[in-house]
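Novice: Next comes the structure file entry-v8.pdb, holding PDB, C-alpha atoms.
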ATOM      1  CA  MET A   1    -116.903   1.001 -50.971
ATOM      2  CA  LYS A   2    -117.425   4.023 -53.170
ATOM      3  CA  LEU A   3    -117.251   3.568 -56.931
ATOM      4  CA  VAL A   4    -118.174   5.837 -59.809
ATOM      5  CA  ILE A   5    -120.354   3.775 -62.122
ATOM      6  CA  ASN A   6    -121.375   5.376 -65.413
ATOM      7  CA  GLY A   7    -120.610   8.788 -63.946
ATOM      8  CA  LYS A   8    -122.627   8.319 -60.770
ATOM      9  CA  ASP A   9    -121.326   7.802 -57.235
ATOM     10  CA  VAL A  10    -122.400   4.368 -56.064
ATOM     11  CA  GLU A  11    -121.866   2.736 -52.687
ATOM     12  CA  THR A  12    -121.145  -0.957 -53.107
ATOM     13  CA  SER A  13    -121.049  -3.753 -50.543
ATOM     14  CA  GLY A  14    -117.268  -4.020 -50.340
ATOM     15  CA  SER A  15    -114.247  -5.313 -52.152
ATOM     16  CA  GLN A  16    -115.421  -7.315 -55.123
ATOM     17  CA  SER A  17    -114.631  -8.489 -58.613
ATOM     18  CA  VAL A  18    -116.129  -7.117 -61.813
ATOM     19  CA  THR A  19    -118.293 -10.258 -62.057
ATOM     20  CA  GLU A  20    -119.631  -9.683 -58.523
ATOM     21  CA  LEU A  21    -120.245  -5.999 -59.223
ATOM     22  CA  LEU A  22    -122.267  -6.839 -62.340
ATOM     23  CA  LYS A  23    -124.371  -9.179 -60.208
ATOM     24  CA  GLU A  24    -124.805  -6.668 -57.375
ATOM     25  CA  GLN A  25    -125.764  -3.917 -59.800
ATOM     26  CA  LYS A  26    -128.384  -6.271 -61.259
ATOM     27  CA  VAL A  27    -127.087  -6.132 -64.793
ATOM     28  CA  LYS A  28    -129.504  -8.494 -66.485
ATOM     29  CA  TRP A  29    -127.312  -9.717 -69.334
ATOM     30  CA  PRO A  30    -123.685  -9.313 -68.209
ATOM     31  CA  ASP A  31    -122.506 -10.912 -71.449
ATOM     32  CA  MET A  32    -124.001  -7.944 -73.301
ATOM     33  CA  VAL A  33    -121.855  -5.425 -71.430
ATOM     34  CA  SER A  34    -118.329  -4.237 -72.025
ATOM     35  CA  VAL A  35    -116.641  -3.015 -68.864
ATOM     36  CA  GLU A  36    -114.154  -0.172 -68.739
ATOM     37  CA  LEU A  37    -112.184   0.290 -65.524
ATOM     38  CA  ASN A  38    -110.389   3.616 -65.095
ATOM     39  CA  GLY A  39    -110.259   4.099 -68.841
ATOM     40  CA  GLN A  40    -109.145   0.582 -69.817
ATOM     41  CA  ILE A  41    -111.402  -2.067 -71.316
ATOM     42  CA  ILE A  42    -111.332  -5.224 -69.163
ATOM     43  CA  LYS A  43    -111.100  -8.537 -71.000
ATOM     44  CA  ARG A  44    -114.201 -10.609 -70.440
ATOM     45  CA  ASP A  45    -112.194 -13.583 -69.160
ATOM     46  CA  SER A  46    -110.627 -11.299 -66.531
ATOM     47  CA  PHE A  47    -113.943 -10.128 -65.038
ATOM     48  CA  SER A  48    -113.745 -12.585 -62.133
ATOM     49  CA  SER A  49    -110.053 -11.961 -61.396
ATOM     50  CA  THR A  50    -110.221  -8.142 -61.590
ATOM     51  CA  THR A  51    -110.850  -6.630 -58.169
ATOM     52  CA  LEU A  52    -112.220  -3.138 -57.766
ATOM     53  CA  GLY A  53    -110.754  -0.563 -55.413
ATOM     54  CA  GLU A  54    -112.065   2.518 -53.612
ATOM     55  CA  GLY A  55    -112.894   5.351 -56.021
ATOM     56  CA  ASP A  56    -112.514   3.278 -59.199
ATOM     57  CA  LYS A  57    -114.303   4.609 -62.228
ATOM     58  CA  VAL A  58    -116.340   1.885 -63.886
ATOM     59  CA  GLU A  59    -118.253   2.170 -67.123
ATOM     60  CA  PHE A  60    -120.783  -0.424 -68.195
ATOM     61  CA  LEU A  61    -120.987  -0.078 -71.967
ATOM     62  CA  TYR A  62    -123.992  -1.805 -73.429
ATOM     63  CA  PHE A  63    -124.235  -3.419 -76.812
ATOM     64  CA  MET A  64    -126.725  -1.475 -78.871
ATOM     65  CA  GLY A  65    -127.825  -2.758 -82.215
ATOM     66  CA  GLY A  66    -131.208  -1.697 -83.371
ATOM     67  CA  GLY A  67    -133.953  -3.157 -81.322
ATOM     68  CA  ARG A  68    -131.987  -5.486 -79.109
ATOM     69  CA  GLY A  69    -129.601  -5.051 -76.187
ATOM     70  CA  ALA A  70    -128.597  -5.564 -72.605
ATOM     71  CA  ASN A  71    -130.698  -3.968 -69.910
TER
ATOM     72  CA  MET B  72    -115.147  22.819-110.512
ATOM     73  CA  GLY B  73    -116.945  26.017-109.518
ATOM     74  CA  LEU B  74    -120.446  26.421-108.133
ATOM     75  CA  THR B  75    -123.391  27.457-110.275
ATOM     76  CA  GLU B  76    -125.468  30.461-109.204
ATOM     77  CA  GLN B  77    -128.257  28.125-108.234
ATOM     78  CA  GLN B  78    -125.926  26.074-106.075
ATOM     79  CA  ILE B  79    -124.604  29.198-104.369
ATOM     80  CA  GLU B  80    -128.192  30.098-103.526
ATOM     81  CA  ARG B  81    -129.247  26.584-102.507
ATOM     82  CA  TYR B  82    -126.339  26.141-100.129
ATOM     83  CA  SER B  83    -126.065  29.799 -99.075
ATOM     84  CA  ARG B  84    -126.880  29.158 -95.408
ATOM     85  CA  GLN B  85    -123.930  26.832 -95.031
ATOM     86  CA  ILE B  86    -121.592  28.536 -97.506
ATOM     87  CA  ILE B  87    -121.907  31.601 -95.266
ATOM     88  CA  LEU B  88    -120.294  29.594 -92.457
ATOM     89  CA  LYS B  89    -116.608  30.372 -92.646
ATOM     90  CA  GLU B  90    -115.775  26.729 -91.903
ATOM     91  CA  VAL B  91    -117.618  25.733 -95.079
ATOM     92  CA  GLY B  92    -117.431  28.530 -97.632
ATOM     93  CA  GLY B  93    -117.296  27.946-101.387
ATOM     94  CA  PRO B  94    -114.331  25.561-101.226
ATOM     95  CA  GLY B  95    -116.020  23.479 -98.510
ATOM     96  CA  GLN B  96    -119.198  23.245-100.547
ATOM     97  CA  GLU B  97    -117.210  22.122-103.573
ATOM     98  CA  LYS B  98    -115.582  19.446-101.394
ATOM     99  CA  LEU B  99    -118.988  18.154-100.312
ATOM    100  CA  LEU B 100    -120.198  18.065-103.908
ATOM    101  CA  ALA B 101    -117.145  15.985-104.803
ATOM    102  CA  SER B 102    -117.498  13.560-101.865
ATOM    103  CA  LYS B 103    -118.943  10.065-101.687
ATOM    104  CA  VAL B 104    -120.562   8.624 -98.573
ATOM    105  CA  LEU B 105    -121.922   5.109 -98.129
ATOM    106  CA  ILE B 106    -124.906   4.563 -95.848
ATOM    107  CA  VAL B 107    -125.275   0.954 -94.745
ATOM    108  CA  GLY B 108    -128.939   0.404 -93.937
ATOM    109  CA  ALA B 109    -131.773   2.664 -95.077
ATOM    110  CA  GLY B 110    -133.489   2.411 -91.703
ATOM    111  CA  GLY B 111    -133.947   4.528 -88.592
ATOM    112  CA  LEU B 112    -130.434   5.993 -88.571
ATOM    113  CA  GLY B 113    -129.843   5.993 -92.318
ATOM    114  CA  SER B 114    -133.099   7.833 -93.110
ATOM    115  CA  PRO B 115    -132.410  11.199 -91.444
ATOM    116  CA  ALA B 116    -128.713  10.970 -92.280
ATOM    117  CA  ALA B 117    -129.431  10.442 -95.983
ATOM    118  CA  LEU B 118    -131.907  13.326 -96.125
ATOM    119  CA  TYR B 119    -129.589  15.805 -94.394
ATOM    120  CA  LEU B 120    -126.560  14.739 -96.384
ATOM    121  CA  ALA B 121    -128.498  15.096 -99.628
ATOM    122  CA  ALA B 122    -129.749  18.504 -98.528
ATOM    123  CA  ALA B 123    -126.176  19.540 -97.707
ATOM    124  CA  GLY B 124    -125.089  18.745-101.249
ATOM    125  CA  LEU B 125    -123.135  15.524-100.937
ATOM    126  CA  GLY B 126    -121.903  14.532-104.383
ATOM    127  CA  THR B 127    -122.728  10.852-104.125
ATOM    128  CA  ILE B 128    -124.678   8.882-101.553
ATOM    129  CA  GLY B 129    -124.464   5.106-101.730
ATOM    130  CA  ILE B 130    -127.132   3.074 -99.965
ATOM    131  CA  ILE B 131    -126.928  -0.605 -99.248
ATOM    132  CA  ASP B 132    -129.987  -2.488 -98.020
ATOM    133  CA  ALA B 133    -131.616  -5.752 -99.054
ATOM    134  CA  ASP B 134    -134.986  -5.137 -97.392
ATOM    135  CA  ARG B 135    -138.327  -3.808 -98.508
ATOM    136  CA  VAL B 136    -140.343  -1.142 -96.704
ATOM    137  CA  ASP B 137    -142.686  -2.609 -94.129
ATOM    138  CA  LEU B 138    -145.500  -0.943 -92.159
ATOM    139  CA  THR B 139    -143.576  -1.277 -88.874
ATOM    140  CA  ASN B 140    -140.663   0.717 -90.354
ATOM    141  CA  LEU B 141    -142.632   3.930 -90.814
ATOM    142  CA  GLN B 142    -142.667   4.881 -87.124
ATOM    143  CA  ARG B 143    -138.979   5.890 -87.368
ATOM    144  CA  GLN B 144    -137.586   5.359 -90.885
ATOM    145  CA  ILE B 145    -138.649   8.760 -92.134
ATOM    146  CA  ILE B 146    -137.226   8.507 -95.640
ATOM    147  CA  HIS B 147    -139.978   5.956 -96.424
ATOM    148  CA  PHE B 148    -143.615   6.983 -96.800
ATOM    149  CA  SER B 149    -146.866   5.019 -96.489
ATOM    150  CA  ASP B 150    -147.067   4.615-100.271
ATOM    151  CA  ASP B 151    -143.644   2.947-100.258
ATOM    152  CA  ILE B 152    -144.732  -0.153 -98.371
ATOM    153  CA  GLY B 153    -143.512  -3.180-100.287
ATOM    154  CA  LYS B 154    -140.965  -1.154-102.252
ATOM    155  CA  GLU B 155    -137.231  -1.842-102.049
ATOM    156  CA  LYS B 156    -135.807   0.428 -99.347
ATOM    157  CA  VAL B 157    -132.925   1.490-101.575
ATOM    158  CA  ALA B 158    -135.334   2.540-104.339
ATOM    159  CA  SER B 159    -137.578   4.401-101.910
ATOM    160  CA  ALA B 160    -134.595   6.203-100.359
ATOM    161  CA  ALA B 161    -133.085   7.040-103.751
ATOM    162  CA  GLU B 162    -136.350   8.673-104.865
ATOM    163  CA  LYS B 163    -136.466  10.933-101.796
ATOM    164  CA  ILE B 164    -132.815  11.883-102.065
ATOM    165  CA  LYS B 165    -133.272  12.880-105.698
ATOM    166  CA  ALA B 166    -136.395  14.842-104.754
ATOM    167  CA  VAL B 167    -134.541  16.699-101.998
ATOM    168  CA  ASN B 168    -131.525  17.448-104.160
ATOM    169  CA  PRO B 169    -131.015  16.619-107.834
ATOM    170  CA  ASP B 170    -127.310  17.512-107.406
ATOM    171  CA  THR B 171    -126.764  14.319-105.400
ATOM    172  CA  ALA B 172    -126.026  11.132-107.307
ATOM    173  CA  VAL B 173    -127.326   7.961-105.687
ATOM    174  CA  GLU B 174    -125.788   4.514-105.954
ATOM    175  CA  THR B 175    -128.009   1.734-104.690
ATOM    176  CA  TYR B 176    -126.987  -1.757-103.642
ATOM    177  CA  LEU B 177    -129.922  -4.119-103.219
ATOM    178  CA  GLU B 178    -128.018  -6.621-101.141
ATOM    179  CA  ARG B 179    -127.018  -7.450 -97.610
ATOM    180  CA  ALA B 180    -123.499  -6.353 -96.652
ATOM    181  CA  THR B 181    -121.361  -9.474 -96.343
ATOM    182  CA  ALA B 182    -117.696 -10.337 -96.076
ATOM    183  CA  THR B 183    -117.789 -11.133 -99.789
ATOM    184  CA  ASN B 184    -119.172  -7.870-101.141
ATOM    185  CA  ILE B 185    -118.514  -5.099 -98.630
ATOM    186  CA  ARG B 186    -114.850  -4.308 -99.235
ATOM    187  CA  GLY B 187    -115.405  -3.813-102.944
ATOM    188  CA  ILE B 188    -118.202  -1.364-102.182
ATOM    189  CA  ILE B 189    -116.708   0.685 -99.352
ATOM    190  CA  LYS B 190    -113.394   1.280-101.066
ATOM    191  CA  GLU B 191    -115.259   3.520-103.522
ATOM    192  CA  TYR B 192    -116.304   5.850-100.695
ATOM    193  CA  ASP B 193    -114.745   8.575 -98.557
ATOM    194  CA  PHE B 194    -116.749   7.750 -95.448
ATOM    195  CA  VAL B 195    -119.136   5.033 -94.252
ATOM    196  CA  LEU B 196    -122.153   5.563 -92.019
ATOM    197  CA  ASP B 197    -123.259   2.496 -90.076
ATOM    198  CA  GLY B 198    -127.033   2.546 -89.883
ATOM    199  CA  THR B 199    -127.455  -1.202 -89.469
ATOM    200  CA  ASP B 200    -129.648  -2.941 -86.933
ATOM    201  CA  ASN B 201    -127.624  -6.012 -86.042
ATOM    202  CA  PHE B 202    -124.300  -6.899 -84.457
ATOM    203  CA  PRO B 203    -122.771  -9.077 -87.183
ATOM    204  CA  ALA B 204    -123.197  -6.159 -89.618
ATOM    205  CA  LYS B 205    -121.682  -3.674 -87.177
ATOM    206  CA  PHE B 206    -118.589  -5.811 -86.689
ATOM    207  CA  LEU B 207    -118.383  -6.425 -90.430
ATOM    208  CA  ILE B 208    -118.411  -2.673 -91.143
ATOM    209  CA  ASN B 209    -115.774  -2.087 -88.479
ATOM    210  CA  ASP B 210    -113.489  -4.764 -89.891
ATOM    211  CA  ALA B 211    -114.017  -3.897 -93.559
ATOM    212  CA  CYS B 212    -113.365  -0.215 -92.865
ATOM    213  CA  TYR B 213    -110.212  -1.189 -90.999
ATOM    214  CA  PHE B 214    -108.901  -3.209 -93.927
ATOM    215  CA  GLU B 215    -109.820  -0.519 -96.468
ATOM    216  CA  LYS B 216    -108.801   2.333 -94.132
ATOM    217  CA  VAL B 217    -112.102   4.120 -94.687
ATOM    218  CA  PRO B 218    -113.334   6.187 -91.718
ATOM    219  CA  PHE B 219    -116.814   5.488 -90.414
ATOM    220  CA  SER B 220    -119.447   6.494 -87.929
ATOM    221  CA  HIS B 221    -120.785   3.712 -85.739
ATOM    222  CA  ALA B 222    -124.104   4.079 -83.971
ATOM    223  CA  GLY B 223    -126.604   1.899 -82.165
ATOM    224  CA  ILE B 224    -130.011   2.634 -80.693
ATOM    225  CA  LEU B 225    -132.233   0.747 -78.321
ATOM    226  CA  ARG B 226    -135.446   1.713 -76.576
ATOM    227  CA  PHE B 227    -134.598   5.208 -75.266
ATOM    228  CA  ASP B 228    -130.818   4.977 -75.508
ATOM    229  CA  GLY B 229    -128.349   5.569 -78.253
ATOM    230  CA  GLN B 230    -124.606   5.526 -78.633
ATOM    231  CA  MET B 231    -122.131   6.451 -81.293
ATOM    232  CA  ILE B 232    -118.439   6.790 -82.061
ATOM    233  CA  THR B 233    -116.421   7.890 -85.068
ATOM    234  CA  VAL B 234    -113.544   5.649 -86.087
ATOM    235  CA  LEU B 235    -110.463   6.573 -88.082
ATOM    236  CA  PRO B 236    -109.187   3.018 -88.664
ATOM    237  CA  GLY B 237    -105.715   2.315 -87.341
ATOM    238  CA  ARG B 238    -105.576   5.768 -85.733
ATOM    239  CA  THR B 239    -108.376   5.886 -83.180
ATOM    240  CA  ALA B 240    -110.245   3.350 -81.037
ATOM    241  CA  CYS B 241    -112.427   1.055 -83.120
ATOM    242  CA  TYR B 242    -115.684  -0.734 -82.344
ATOM    243  CA  ARG B 243    -113.814  -3.941 -81.496
ATOM    244  CA  CYS B 244    -111.475  -2.055 -79.140
ATOM    245  CA  VAL B 245    -114.556  -1.475 -76.990
ATOM    246  CA  PHE B 246    -116.887  -4.377 -77.797
ATOM    247  CA  ASP B 247    -114.525  -7.152 -78.882
ATOM    248  CA  LYS B 248    -117.054  -9.489 -80.516
ATOM    249  CA  PRO B 249    -120.817  -9.911 -80.905
ATOM    250  CA  PRO B 250    -122.673 -10.968 -77.758
ATOM    251  CA  PRO B 251    -123.582 -14.650 -77.436
ATOM    252  CA  ALA B 252    -126.595 -15.298 -79.616
ATOM    253  CA  GLY B 253    -128.556 -17.189 -76.954
ATOM    254  CA  LEU B 254    -128.740 -14.105 -74.716
ATOM    255  CA  VAL B 255    -129.931 -11.575 -77.249
ATOM    256  CA  PRO B 256    -133.538 -10.582 -76.658
ATOM    257  CA  SER B 257    -135.721 -10.727 -79.726
ATOM    258  CA  CYS B 258    -136.057  -7.643 -81.958
ATOM    259  CA  SER B 259    -139.733  -7.118 -81.296
ATOM    260  CA  GLU B 260    -139.295  -7.315 -77.503
ATOM    261  CA  ALA B 261    -137.019  -4.322 -77.277
ATOM    262  CA  GLY B 262    -138.548  -1.465 -79.275
ATOM    263  CA  VAL B 263    -137.180   1.981 -79.993
ATOM    264  CA  LEU B 264    -138.435   5.568 -79.804
ATOM    265  CA  GLY B 265    -138.625   7.071 -83.313
ATOM    266  CA  PRO B 266    -137.032  10.482 -82.712
ATOM    267  CA  LEU B 267    -134.112   8.778 -80.952
ATOM    268  CA  ALA B 268    -133.135   7.395 -84.363
ATOM    269  CA  GLY B 269    -133.425  10.952 -85.680
ATOM    270  CA  VAL B 270    -131.173  12.402 -82.971
ATOM    271  CA  ILE B 271    -128.434   9.831 -83.465
ATOM    272  CA  GLY B 272    -128.755   9.684 -87.276
ATOM    273  CA  CYS B 273    -128.447  13.472 -87.458
ATOM    274  CA  LEU B 274    -125.372  13.389 -85.225
ATOM    275  CA  GLN B 275    -123.864  10.823 -87.584
ATOM    276  CA  ALA B 276    -124.581  13.140 -90.542
ATOM    277  CA  THR B 277    -122.899  15.945 -88.595
ATOM    278  CA  GLU B 278    -119.781  13.806 -88.186
ATOM    279  CA  VAL B 279    -119.768  13.043 -91.926
ATOM    280  CA  LEU B 280    -119.844  16.727 -92.822
ATOM    281  CA  LYS B 281    -117.175  17.628 -90.245
ATOM    282  CA  TYR B 282    -114.912  14.883 -91.521
ATOM    283  CA  LEU B 283    -115.327  15.852 -95.163
ATOM    284  CA  LEU B 284    -114.818  19.537 -94.391
ATOM    285  CA  GLY B 285    -111.942  18.851 -92.005
ATOM    286  CA  VAL B 286    -113.418  21.030 -89.285
ATOM    287  CA  GLY B 287    -114.054  20.671 -85.563
ATOM    288  CA  GLU B 288    -113.336  17.754 -83.259
ATOM    289  CA  LEU B 289    -114.546  14.363 -84.433
ATOM    290  CA  LEU B 290    -116.159  11.963 -81.981
ATOM    291  CA  THR B 291    -113.053   9.794 -81.885
ATOM    292  CA  ASN B 292    -111.734   7.986 -78.797
ATOM    293  CA  ARG B 293    -114.959   8.790 -76.998
ATOM    294  CA  LEU B 294    -118.212   6.926 -76.998
ATOM    295  CA  LEU B 295    -121.212   9.214 -76.880
ATOM    296  CA  VAL B 296    -124.083   7.763 -74.890
ATOM    297  CA  PHE B 297    -127.487   9.406 -75.174
ATOM    298  CA  ASP B 298    -130.331   8.797 -72.746
ATOM    299  CA  ALA B 299    -133.546  10.221 -74.170
ATOM    300  CA  LEU B 300    -135.605   9.666 -71.007
ATOM    301  CA  GLY B 301    -133.199  11.687 -68.877
ATOM    302  CA  LEU B 302    -132.340  13.867 -71.898
ATOM    303  CA  GLN B 303    -128.673  13.486 -71.121
ATOM    304  CA  PHE B 304    -125.591  13.026 -73.189
ATOM    305  CA  ARG B 305    -122.594  11.332 -71.607
ATOM    306  CA  GLU B 306    -119.191  10.848 -73.054
ATOM    307  CA  VAL B 307    -117.044   7.855 -72.172
ATOM    308  CA  LYS B 308    -113.386   8.140 -73.041
ATOM    309  CA  VAL B 309    -112.103   5.062 -74.818
ATOM    310  CA  SER B 310    -108.727   4.345 -76.278
ATOM    311  CA  ARG B 311    -107.140   1.950 -78.718
ATOM    312  CA  ASN B 312    -107.043  -1.443 -77.069
ATOM    313  CA  PRO B 313    -103.684  -3.247 -77.386
ATOM    314  CA  ASP B 314    -105.621  -6.540 -77.206
ATOM    315  CA  CYS B 315    -108.049  -5.524 -79.979
ATOM    316  CA  ARG B 316    -108.607  -8.472 -82.318
ATOM    317  CA  ILE B 317    -108.247  -6.308 -85.381
ATOM    318  CA  CYS B 318    -106.255  -3.150 -84.662
ATOM    319  CA  GLY B 319    -104.328  -4.353 -81.600
ATOM    320  CA  GLN B 320    -100.693  -5.366 -81.312
ATOM    321  CA  LYS B 321    -101.275  -9.022 -82.235
ATOM    322  CA  PRO B 322    -104.412  -9.032 -84.349
ATOM    323  CA  SER B 323    -106.167 -12.397 -84.660
ATOM    324  CA  ILE B 324    -108.394 -11.141 -87.460
ATOM    325  CA  THR B 325    -106.311 -10.909 -90.581
ATOM    326  CA  GLU B 326    -109.031 -11.261 -93.162
ATOM    327  CA  LEU B 327    -112.656 -10.299 -93.390
ATOM    328  CA  ALA B 328    -115.235 -12.838 -92.201
ATOM    329  CA  ASP B 329    -118.912 -12.737 -91.311
ATOM    330  CA  GLU B 330    -119.739 -13.015 -87.619
ATOM    331  CA  GLU B 331    -122.461 -15.501 -86.755
ATOM    332  CA  GLN B 332    -126.018 -14.277 -87.027
ATOM    333  CA  ALA B 333    -127.653 -13.407 -83.735
ATOM    334  CA  VAL B 334    -130.480 -15.585 -82.525
ATOM    335  CA  CYS B 335    -132.925 -12.791 -83.288
ATOM    336  CA  ASP B 336    -132.608 -13.420 -87.020
ATOM    337  CA  LEU B 337    -132.944 -17.142 -86.510
ATOM    338  CA  LYS B 338    -136.099 -16.682 -84.479
ATOM    339  CA  ALA B 339    -137.561 -14.450 -87.141
ATOM    340  CA  SER B 340    -137.034 -17.057 -89.828
ATOM    341  CA  GLN B 341    -138.511 -19.925 -87.837
TER
END
Before we go any further, please render this structure as structure tokens.
Specialist:
Amino acid sequence: MKLVINGKDVETSGSQSVTELLKEQKVKWPDMVSVELNGQIIKRDSFSSTTLGEGDKVEFLYFMGGGRGAN
Amino acid sequence: MGLTEQQIERYSRQIILKEVGGPGQEKLLASKVLIVGAGGLGSPAALYLAAAGLGTIGIIDADRVDLTNLQRQIIHFSDDIGKEKVASAAEKIKAVNPDTAVETYLERATATNIRGIIKEYDFVLDGTDNFPAKFLINDACYFEKVPFSHAGILRFDGQMITVLPGRTACYRCVFDKPPPAGLVPSCSEAGVLGPLAGVIGCLQATEVLKYLLGVGELLTNRLLVFDALGLQFREVKVSRNPDCRICGQKPSITELADEEQAVCDLKASQ
């Protein structure tokens, strides 16, 4: 399935939830990422129940403090 | 108020810009900006804002200058090691521009003190290095309705957003709450490229001047993400989140509180 992740076209393994996508994309600390799907921030407790569809635009937004972070 | 001849000469290169002009310069000289954290982001921002003729710059920081700061915190010099950061920064600001008054706060921003401080200012610049402080600034600025520039930097990446509280997306609209402490890598593990702090801190100073002058398009409702390795800027559109804990439809945060300290600080003190 084609998704646009952080502005780049990415081919993913198929229909999956946000939680599964984070795993597949090897996001090291998923709890340090905010996820925006087609312009809307997804609640963290909805990551596993939110399913992605063909062409969805996904943004992984990383926490950035000063000297610590997600990836 | 009126500008002196010396001021007209000092600020001539920006007064000549039609978006600034004499009236704009007078506005800047009458404005007050608070910089939280005299570190990597706050250093370049403070120097440029002083040079631009800000009337008052407030600086809040409880730390002293340390050798490891000098790689990126360019307002502090080698001779300043051991000195209070606010004192070191105040000296440089006065040296750059005697027109600028400096208010220093030798303390950590907390839920107890921050509202009383920020309400004296027209704009707040978040130059802090930790998540509890970033959420505290967001929340305090929301309650006091003071606009602010948020920024964060890490390794080769930076991000920033300008928030007009209650009108545009806030930090919590996007990031909700600090990440779980147990997952935060330690400060020294991560590292940061010095000029990255300069790039983002200067962009924050740019937002301050635009806001005070009322010109251009502020970085509101869009998160700017900068990747220094790829030398690319990206913009992610964000919007006010109806579920936001502070500015959403049913806010759960109704008074200011400190978020828990991240594990990084705990590790450092052990």
Novice: Which residues are near range 25-38 of chain A? Cut-off 10 Å, only C-alpha atoms, ignore same chain within fewer than 6 positions. Put them as a PDB file with C-alpha atoms, in the frame of the given file.
Specialist:
ATOM      1  CA  VAL A   4    -118.174   5.837 -59.809  1.00  0.00           C
ATOM      2  CA  ILE A   5    -120.354   3.775 -62.122  1.00  0.00           C
ATOM      3  CA  ASN A   6    -121.375   5.376 -65.413  1.00  0.00           C
ATOM      4  CA  VAL A  10    -122.400   4.368 -56.064  1.00  0.00           C
ATOM      5  CA  THR A  12    -121.145  -0.957 -53.107  1.00  0.00           C
ATOM      6  CA  VAL A  18    -116.129  -7.117 -61.813  1.00  0.00           C
ATOM      7  CA  THR A  19    -118.293 -10.258 -62.057  1.00  0.00           C
ATOM      8  CA  ARG A  44    -114.201 -10.609 -70.440  1.00  0.00           C
ATOM      9  CA  PHE A  47    -113.943 -10.128 -65.038  1.00  0.00           C
ATOM     10  CA  THR A  50    -110.221  -8.142 -61.590  1.00  0.00           C
ATOM     11  CA  LEU A  52    -112.220  -3.138 -57.766  1.00  0.00           C
ATOM     12  CA  GLY A  55    -112.894   5.351 -56.021  1.00  0.00           C
ATOM     13  CA  ASP A  56    -112.514   3.278 -59.199  1.00  0.00           C
ATOM     14  CA  LYS A  57    -114.303   4.609 -62.228  1.00  0.00           C
ATOM     15  CA  VAL A  58    -116.340   1.885 -63.886  1.00  0.00           C
ATOM     16  CA  GLU A  59    -118.253   2.170 -67.123  1.00  0.00           C
ATOM     17  CA  PHE A  60    -120.783  -0.424 -68.195  1.00  0.00           C
ATOM     18  CA  LEU A  61    -120.987  -0.078 -71.967  1.00  0.00           C
ATOM     19  CA  TYR A  62    -123.992  -1.805 -73.429  1.00  0.00           C
ATOM     20  CA  PHE A  63    -124.235  -3.419 -76.812  1.00  0.00           C
ATOM     21  CA  MET A  64    -126.725  -1.475 -78.871  1.00  0.00           C
ATOM     22  CA  GLY A  69    -129.601  -5.051 -76.187  1.00  0.00           C
ATOM     23  CA  ALA A  70    -128.597  -5.564 -72.605  1.00  0.00           C
ATOM     24  CA  ASN A  71    -130.698  -3.968 -69.910  1.00  0.00           C
TER      25      ASN A  71
ATOM     26  CA  VAL B 245    -114.556  -1.475 -76.990  1.00  0.00           C
ATOM     27  CA  PHE B 246    -116.887  -4.377 -77.797  1.00  0.00           C
ATOM     28  CA  ASP B 247    -114.525  -7.152 -78.882  1.00  0.00           C
ATOM     29  CA  PRO B 249    -120.817  -9.911 -80.905  1.00  0.00           C
ATOM     30  CA  PRO B 250    -122.673 -10.968 -77.758  1.00  0.00           C
ATOM     31  CA  PRO B 251    -123.582 -14.650 -77.436  1.00  0.00           C
ATOM     32  CA  LEU B 254    -128.740 -14.105 -74.716  1.00  0.00           C
ATOM     33  CA  VAL B 255    -129.931 -11.575 -77.249  1.00  0.00           C
ATOM     34  CA  PRO B 256    -133.538 -10.582 -76.658  1.00  0.00           C
ATOM     35  CA  VAL B 307    -117.044   7.855 -72.172  1.00  0.00           C
ATOM     36  CA  LYS B 308    -113.386   8.140 -73.041  1.00  0.00           C
ATOM     37  CA  VAL B 309    -112.103   5.062 -74.818  1.00  0.00           C
TER      38      VAL B 309
END
Novice: Would you give me, as CSV, each residue of chain B having an atom within 6 Å of an atom of chain A, along with its shortest atom pair and that distance in Å to one decimal, using all atoms listed in the file and sorting by chain and residue number?
Specialist:
residue,atom,partner,partner_atom,distance
B:Asp200,CA,A:Gly66,CA,4.1
B:Asn201,CA,A:Gly65,CA,5.0
B:Phe202,CA,A:Gly65,CA,5.9
B:Gly223,CA,A:Met64,CA,4.7
B:Ile224,CA,A:Gly66,CA,5.2
B:Leu225,CA,A:Gly67,CA,5.2
B:Phe246,CA,A:Ser34,CA,6.0
B:Pro250,CA,A:Met32,CA,5.5
B:Pro256,CA,A:Arg68,CA,5.9
B:Cys258,CA,A:Gly67,CA,5.0
B:Ala261,CA,A:Gly67,CA,5.2
B:Gly262,CA,A:Gly67,CA,5.3
Novice: Could the residues in this selection be written to a file with C-alpha atoms, as a compact mmCIF listing (two decimals), in the frame of the given file?
Specialist:
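This went into part-v5.txt:
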# COMPACT_ATOMS: atom_id res chain seq x y z
CA ASP B 200 -129.65 -2.94 -86.93
CA ASN B 201 -127.62 -6.01 -86.04
CA PHE B 202 -124.30 -6.90 -84.46
CA GLY B 223 -126.60 1.90 -82.16
CA ILE B 224 -130.01 2.63 -80.69
CA LEU B 225 -132.23 0.75 -78.32
CA PHE B 246 -116.89 -4.38 -77.80
CA PRO B 250 -122.67 -10.97 -77.76
CA PRO B 256 -133.54 -10.58 -76.66
CA CYS B 258 -136.06 -7.64 -81.96
CA ALA B 261 -137.02 -4.32 -77.28
CA GLY B 262 -138.55 -1.46 -79.28
Novice: The PyMOL selection byres ((chain B and resi 78-81) around 10) on the file shown: which residues, as a list in words?
Specialist: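 Here the PyMOL selection byres ((chain B and resi 78-81) around 10) matches Gly73, Leu74, Thr75, Glu76, Gln77, Tyr82, Ser83, Arg84, Gln85, Ile86, Ile87, Gly92, Gly93, Gln96, Glu97, Ala122, Ala123, Gly124, Asn168 and Asp170 of chain B.
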Novice: Would you mind telling me which residue in B:Leu177, B:Glu278, B:Arg316, B:His221 lies nearest to Leu120 in chain B when using only C-alpha atoms?
Specialist: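 Answer, going by the shortest atom-to-atom distance: B:Glu278.
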